[in-house]
Number of protein chains: 2
Amino acid sequence: MNISSTGLTKYPALPQPYLLFLGDVDQTGYAKTAFGLAQWADDKCIGEYSFNKSGLTTGLPRMTPTEAARAGAKSLVIGVANQGGRISAAWIPSLVDALKAGLSIISGLHIPLSSIPELAQASRDTGGALIDIRRPPSDIPVGTGRKRSGRRLLTVGTDCALGKKYTALAIHRAFAERNVNADFRATGQTGIMIAGGGIPMDAVVSDFEAGAAEILSPDAPADHWDVIEGQGSLFNPAYAAVSLGLLHGSQPDVFVVCHDPSRSRMLGLEDYAVPSIEEVIDLTSQLGRLTNPDIRCAGVSLNTSSMDSKAATRLMARESDRLVGLPVADPIRGGPQFERLVTNCLL
Amino acid sequence: MNISSTGLTKYPALPQPYLLFLGDVDQTGYAKTAFGLAQWADDKCIGEYSFNKSGLTTGLPRMTPTEAARAGAKSLVIGVANQGGRISAAWIPSLVDALKAGLSIISGLHIPLSSIPELAQASRDTGGALIDIRRPPSDIPVGTGRKRSGRRLLTVGTDCALGKKYTALAIHRAFAERNVNADFRATGQTGIMIAGGGIPMDAVVSDFEAGAAEILSPDAPADHWDVIEGQGSLFNPAYAAVSLGLLHGSQPDVFVVCHDPSRSRMLGLEDYAVPSIEEVIDLTSQLGRLTNPDIRCAGVSLNTSSMDSKAATRLMARESDRLVGLPVADPIRGGPQFERLVTNCLL
């Protein structure tokens, strides 16, 4: 699939195609970025570079940095994270090899690549760039609240980490299949790697949060859609500021609520219950109205990965009934429910 | 008055006394820092340095950096801010002059002083320090939403720049006069300069906004009050993220709504109407309930600086009637209305 990044001149386009670095990681849970890229940007991924013994693979051909460079790769993407988001000492020689092979290195980890002396030295020696996508652009303006042209969709959530990126990507793909002129707008590290650009909203200074969301989805033709990846939740006591700045700056015409029915407490915050879908619809509409009085909820994206197909279908139908006919779908399952949700977005 | 800063050891002591820099700014709304310092830390201010044509003044004697240095000043404080917190090109020669006169420069703006080549050079030449108080501590944790001990008051507003800091300082002083154990908690540059400590909430990375507010007002004895300086407005499309993170992290028991009845449009945002006091009470209560279910509004702080005494008294009485007896006062005027507001905070 093709995810364009037009209009993002603030964030340099990432050098593509990629070689995905898996290193010694042998659990899918620590290779989310690599799997996300292999799934949503496979045309931008040339292979994977792995030296694990478990056979963990994204399905892309396994190759060394030298082989990848010869095949046209421009950068190595660190597609793994170990606990604490650090760069494992065991990875460093391989990353140096990649620079020596002529690749740049792209990282979404907290620690800046240039803070590792061996990488800083190899970057100087080879001219290969060290790119930290968690660092936001330095010249973000404050928000203005000015209504921009074009149409916008934002995914929001009852909590963190339950499918807002996946839902936005799936809706963007469905729009493209219907020949709707649309861009996926990335707000987190994996999304930015997939899109080849974007702004890491959680790393932006609070005063500029809404302003960052404004430049992420600039003025566009009237029939153009920006499909914007949501962050956090308005009901999360740690991250609601991120969600509100993104909502105000995105000024969405349409939002889709993402929810995981198997989760009852907020992730990592046992004192806090996950809000109901209705509460999220009401609060998002209420607060979003400030910058777009016409905001409306177009449907619910239900993460039913913990259920079998029959139970999932039953639950989606029951939730849709309860929500007075609002489309409820699981984009991973697709099907007529999801098509109905996409149609309702475009109304 | 004495404003304690216990528990906040992140900021070094600032070189005093100050020369307040007003530059070419000719609107009070953009000179909050200078006016706040002149009022709440006048014993630390030696004069003002201004080249505006409007006659805007803090009331302190006007002097050049050389005159101020001769009179004992140790630093020039940039007491003005334009939108976005940038440094105007027209200010730079004057700031260089201040360094040459032997002063240090203290700034609460977003842009680091040392990033301006002329200032960096003059600082090297003269040995004068460039001090950015807007740099937040580097080790702020993410929020937890955990309920802390002690009591908390937060000032909130219908917009920016209409009295939230002043109101918090006045309430803190009134608490002290009633022998209530209380700390003023500063969240903006002027407050930090006055208090000698605090966290510049608008400079904190969004992901850590609520966490910063949590460490700003730590666990305290049950009868202790933190009086927390509010920021922005939940209804401001540029800054609502700051306000929401501060509200969630502060988990206030009590809030006071600050309002300027002479302002009908948001500062610098002509497309946006200032919300009503009731709207701010309702939304603050609704969103604040997430981290403190017992949150309540204790009153309204009305900025009546544009009215004569009689009109102000009439307006406060009328507003209090309209708000079903809620105390409405102007802390600048004080009087029985303000005493009633303070009493209602302590209930």
# chains A, B, ... in the order shown; residues from 1 in each chain; ligands from 1
>>> interface_residues(of="chain A", to="chain B", cutoff="7 Å", atoms="only C-alpha atoms", output="MDAnalysis selection string")
chainID A and resid 141:145 202:207 209:211 237:242 244:245 248 269 291
>>> select_by_dssp(residues="region 134-254 of chain B", states="alpha helix (DSSP H)", output="PyMOL selection string")
chain B and resi 164-177+189-195+209-216+240-250
>>> calpha_fit_rmsd(fixed="chain B", moving="chain A")
2.6 Å
>>> residues_around(residues="Asp330 (chain A)", least_positions_apart="6", cutoff="12 Å", atoms="only C-alpha atoms", output="JSON, numbers by chain")
{"A": [162, 163, 164, 166, 167, 168, 170, 171, 256, 257, 258, 259, 260, 261, 299, 300, 301, 302, 303, 304, 305, 306, 307, 309, 312, 313, 314, 315, 316, 317, 319, 336, 337, 338, 339, 340, 341, 342]}
>>> select_by_dssp(residues="region 79-249 of chain A", states="strand (DSSP E)", output="list in words")
Ser104, Ile105, Ile106, Ser107, Leu130, Ile131, Asp132, Arg151, Arg152, Leu153, Leu154, Thr155, Val156, Gly157, Ala182, Asp183, Phe184, Arg185, Trp225, Asp226, Val227 and Ile228 of chain A
>>> write_last_selection(atoms="N, CA, C and O atoms", output="short mmCIF file (atom, residue, chain, number, x, y, z; two decimals), in the first residue's frame")
data_model
loop_
_atom_site.label_atom_id
_atom_site.label_comp_id
_atom_site.auth_asym_id
_atom_site.auth_seq_id
_atom_site.Cartn_x
_atom_site.Cartn_y
_atom_site.Cartn_z
N SER A 104 21.60 4.60 6.68
CA SER A 104 21.32 5.43 7.85
C SER A 104 20.62 4.56 8.88
O SER A 104 20.18 3.46 8.58
N ILE A 105 20.50 5.08 10.13
CA ILE A 105 19.80 4.33 11.17
C ILE A 105 18.64 5.16 11.69
O ILE A 105 18.79 6.35 11.98
N ILE A 106 17.46 4.53 11.79
CA ILE A 106 16.25 5.20 12.27
C ILE A 106 15.82 4.53 13.57
O ILE A 106 15.70 3.31 13.63
N SER A 107 15.58 5.33 14.61
CA SER A 107 15.19 4.79 15.91
C SER A 107 14.01 5.53 16.48
O SER A 107 13.90 6.76 16.34
N LEU A 130 21.99 9.47 11.74
CA LEU A 130 21.35 8.87 12.92
C LEU A 130 20.05 9.64 13.15
O LEU A 130 20.08 10.81 13.49
N ILE A 131 18.92 8.99 12.93
CA ILE A 131 17.63 9.69 12.93
C ILE A 131 16.78 9.22 14.10
O ILE A 131 16.39 8.05 14.17
N ASP A 132 16.50 10.14 15.04
CA ASP A 132 15.63 9.84 16.19
C ASP A 132 14.25 10.39 15.91
O ASP A 132 14.05 11.60 15.97
N ARG A 151 -11.09 17.68 4.93
CA ARG A 151 -11.83 16.95 5.97
C ARG A 151 -10.86 16.10 6.80
O ARG A 151 -9.80 15.71 6.33
N ARG A 152 -11.25 15.85 8.04
CA ARG A 152 -10.36 15.17 8.97
C ARG A 152 -11.08 14.12 9.81
O ARG A 152 -12.20 14.35 10.25
N LEU A 153 -10.41 13.00 10.01
CA LEU A 153 -10.90 11.93 10.88
C LEU A 153 -9.85 11.66 11.94
O LEU A 153 -8.66 11.60 11.63
N LEU A 154 -10.28 11.52 13.19
CA LEU A 154 -9.35 11.20 14.29
C LEU A 154 -9.84 9.94 14.99
O LEU A 154 -11.03 9.79 15.26
N THR A 155 -8.91 9.02 15.27
CA THR A 155 -9.29 7.88 16.11
C THR A 155 -9.03 8.27 17.57
O THR A 155 -8.00 8.87 17.89
N VAL A 156 -9.97 7.96 18.44
CA VAL A 156 -9.82 8.24 19.87
C VAL A 156 -10.03 6.92 20.62
O VAL A 156 -10.40 5.91 20.01
N GLY A 157 -9.79 6.91 21.93
CA GLY A 157 -9.87 5.63 22.62
C GLY A 157 -10.43 5.71 24.02
O GLY A 157 -10.40 6.77 24.65
N ALA A 182 -6.80 10.67 0.32
CA ALA A 182 -6.60 10.68 1.77
C ALA A 182 -5.14 10.51 2.15
O ALA A 182 -4.36 9.89 1.41
N ASP A 183 -4.76 11.08 3.29
CA ASP A 183 -3.43 10.87 3.88
C ASP A 183 -3.58 10.28 5.26
O ASP A 183 -4.47 10.69 6.03
N PHE A 184 -2.71 9.34 5.59
CA PHE A 184 -2.60 8.87 6.97
C PHE A 184 -1.64 9.82 7.68
O PHE A 184 -0.54 10.08 7.20
N ARG A 185 -2.07 10.37 8.83
CA ARG A 185 -1.23 11.30 9.59
C ARG A 185 -0.77 10.64 10.87
O ARG A 185 -1.58 10.35 11.76
N TRP A 225 -9.19 13.87 2.65
CA TRP A 225 -9.29 13.44 4.05
C TRP A 225 -7.91 13.23 4.66
O TRP A 225 -7.05 12.59 4.05
N ASP A 226 -7.71 13.77 5.86
CA ASP A 226 -6.59 13.36 6.70
C ASP A 226 -7.13 12.36 7.71
O ASP A 226 -8.09 12.66 8.43
N VAL A 227 -6.52 11.17 7.75
CA VAL A 227 -6.91 10.16 8.74
C VAL A 227 -5.82 10.16 9.80
O VAL A 227 -4.68 9.74 9.55
N ILE A 228 -6.16 10.69 10.99
CA ILE A 228 -5.16 11.01 12.00
C ILE A 228 -5.14 9.95 13.10
O ILE A 228 -6.18 9.61 13.67
#
>>> closest_residue(among="B:Ile116, B:Ala90, B:Cys160, B:Val274", to="Tyr30 (chain B)", atoms="only C-alpha atoms")
B:Cys160
>>> residues_around(residues="Asp42 (chain B)", least_positions_apart="2", cutoff="12 Å", atoms="only C-alpha atoms", output="ChimeraX atom specification")
/B:1,16-20,34-40,44-48,58-61,193-194
>>> residues_around(residues="Thr187 (chain A)", least_positions_apart="3", cutoff="6 Å", atoms="only C-alpha atoms", output="ChimeraX atom specification")
/A:198-201,229
>>> write_last_selection(atoms="N, CA, C and O atoms", output="short mmCIF file (atom, residue, chain, number, x, y, z; two decimals), in the first residue's frame")
data_model
loop_
_atom_site.label_atom_id
_atom_site.label_comp_id
_atom_site.auth_asym_id
_atom_site.auth_seq_id
_atom_site.Cartn_x
_atom_site.Cartn_y
_atom_site.Cartn_z
N GLY A 198 5.63 12.58 10.12
CA GLY A 198 4.61 12.76 11.16
C GLY A 198 5.21 13.47 12.36
O GLY A 198 6.36 13.91 12.31
N ILE A 199 4.44 13.59 13.41
CA ILE A 199 4.92 14.27 14.63
C ILE A 199 4.63 13.39 15.84
O ILE A 199 3.49 12.97 16.04
N PRO A 200 5.66 13.10 16.66
CA PRO A 200 5.43 12.28 17.86
C PRO A 200 4.75 13.14 18.92
O PRO A 200 5.41 13.82 19.70
N MET A 201 3.42 13.10 18.95
CA MET A 201 2.64 14.05 19.76
C MET A 201 2.95 13.99 21.24
O MET A 201 2.86 15.01 21.93
N GLU A 229 -3.96 9.45 13.38
CA GLU A 229 -3.74 8.45 14.44
C GLU A 229 -3.94 9.10 15.80
O GLU A 229 -3.26 10.07 16.13
#
>>> closest_residue(among="B:Ala120, B:Leu346, B:Val324, B:Val280", to="His224 (chain B)", atoms="only C-alpha atoms")
B:Leu346
>>> atom_distance(atom1="CA of Val80 (chain B)", atom2="CA of Ile133 (chain B)")
14.0 Å
>>> atom_distance(atom1="CA of Ser264 (chain A)", atom2="CA of Glu278 (chain A)")
14.9 Å
>>> residues_around(residues="Ala98 (chain B)", least_positions_apart="2", cutoff="9 Å", atoms="only C-alpha atoms", output="count of residues only")
17
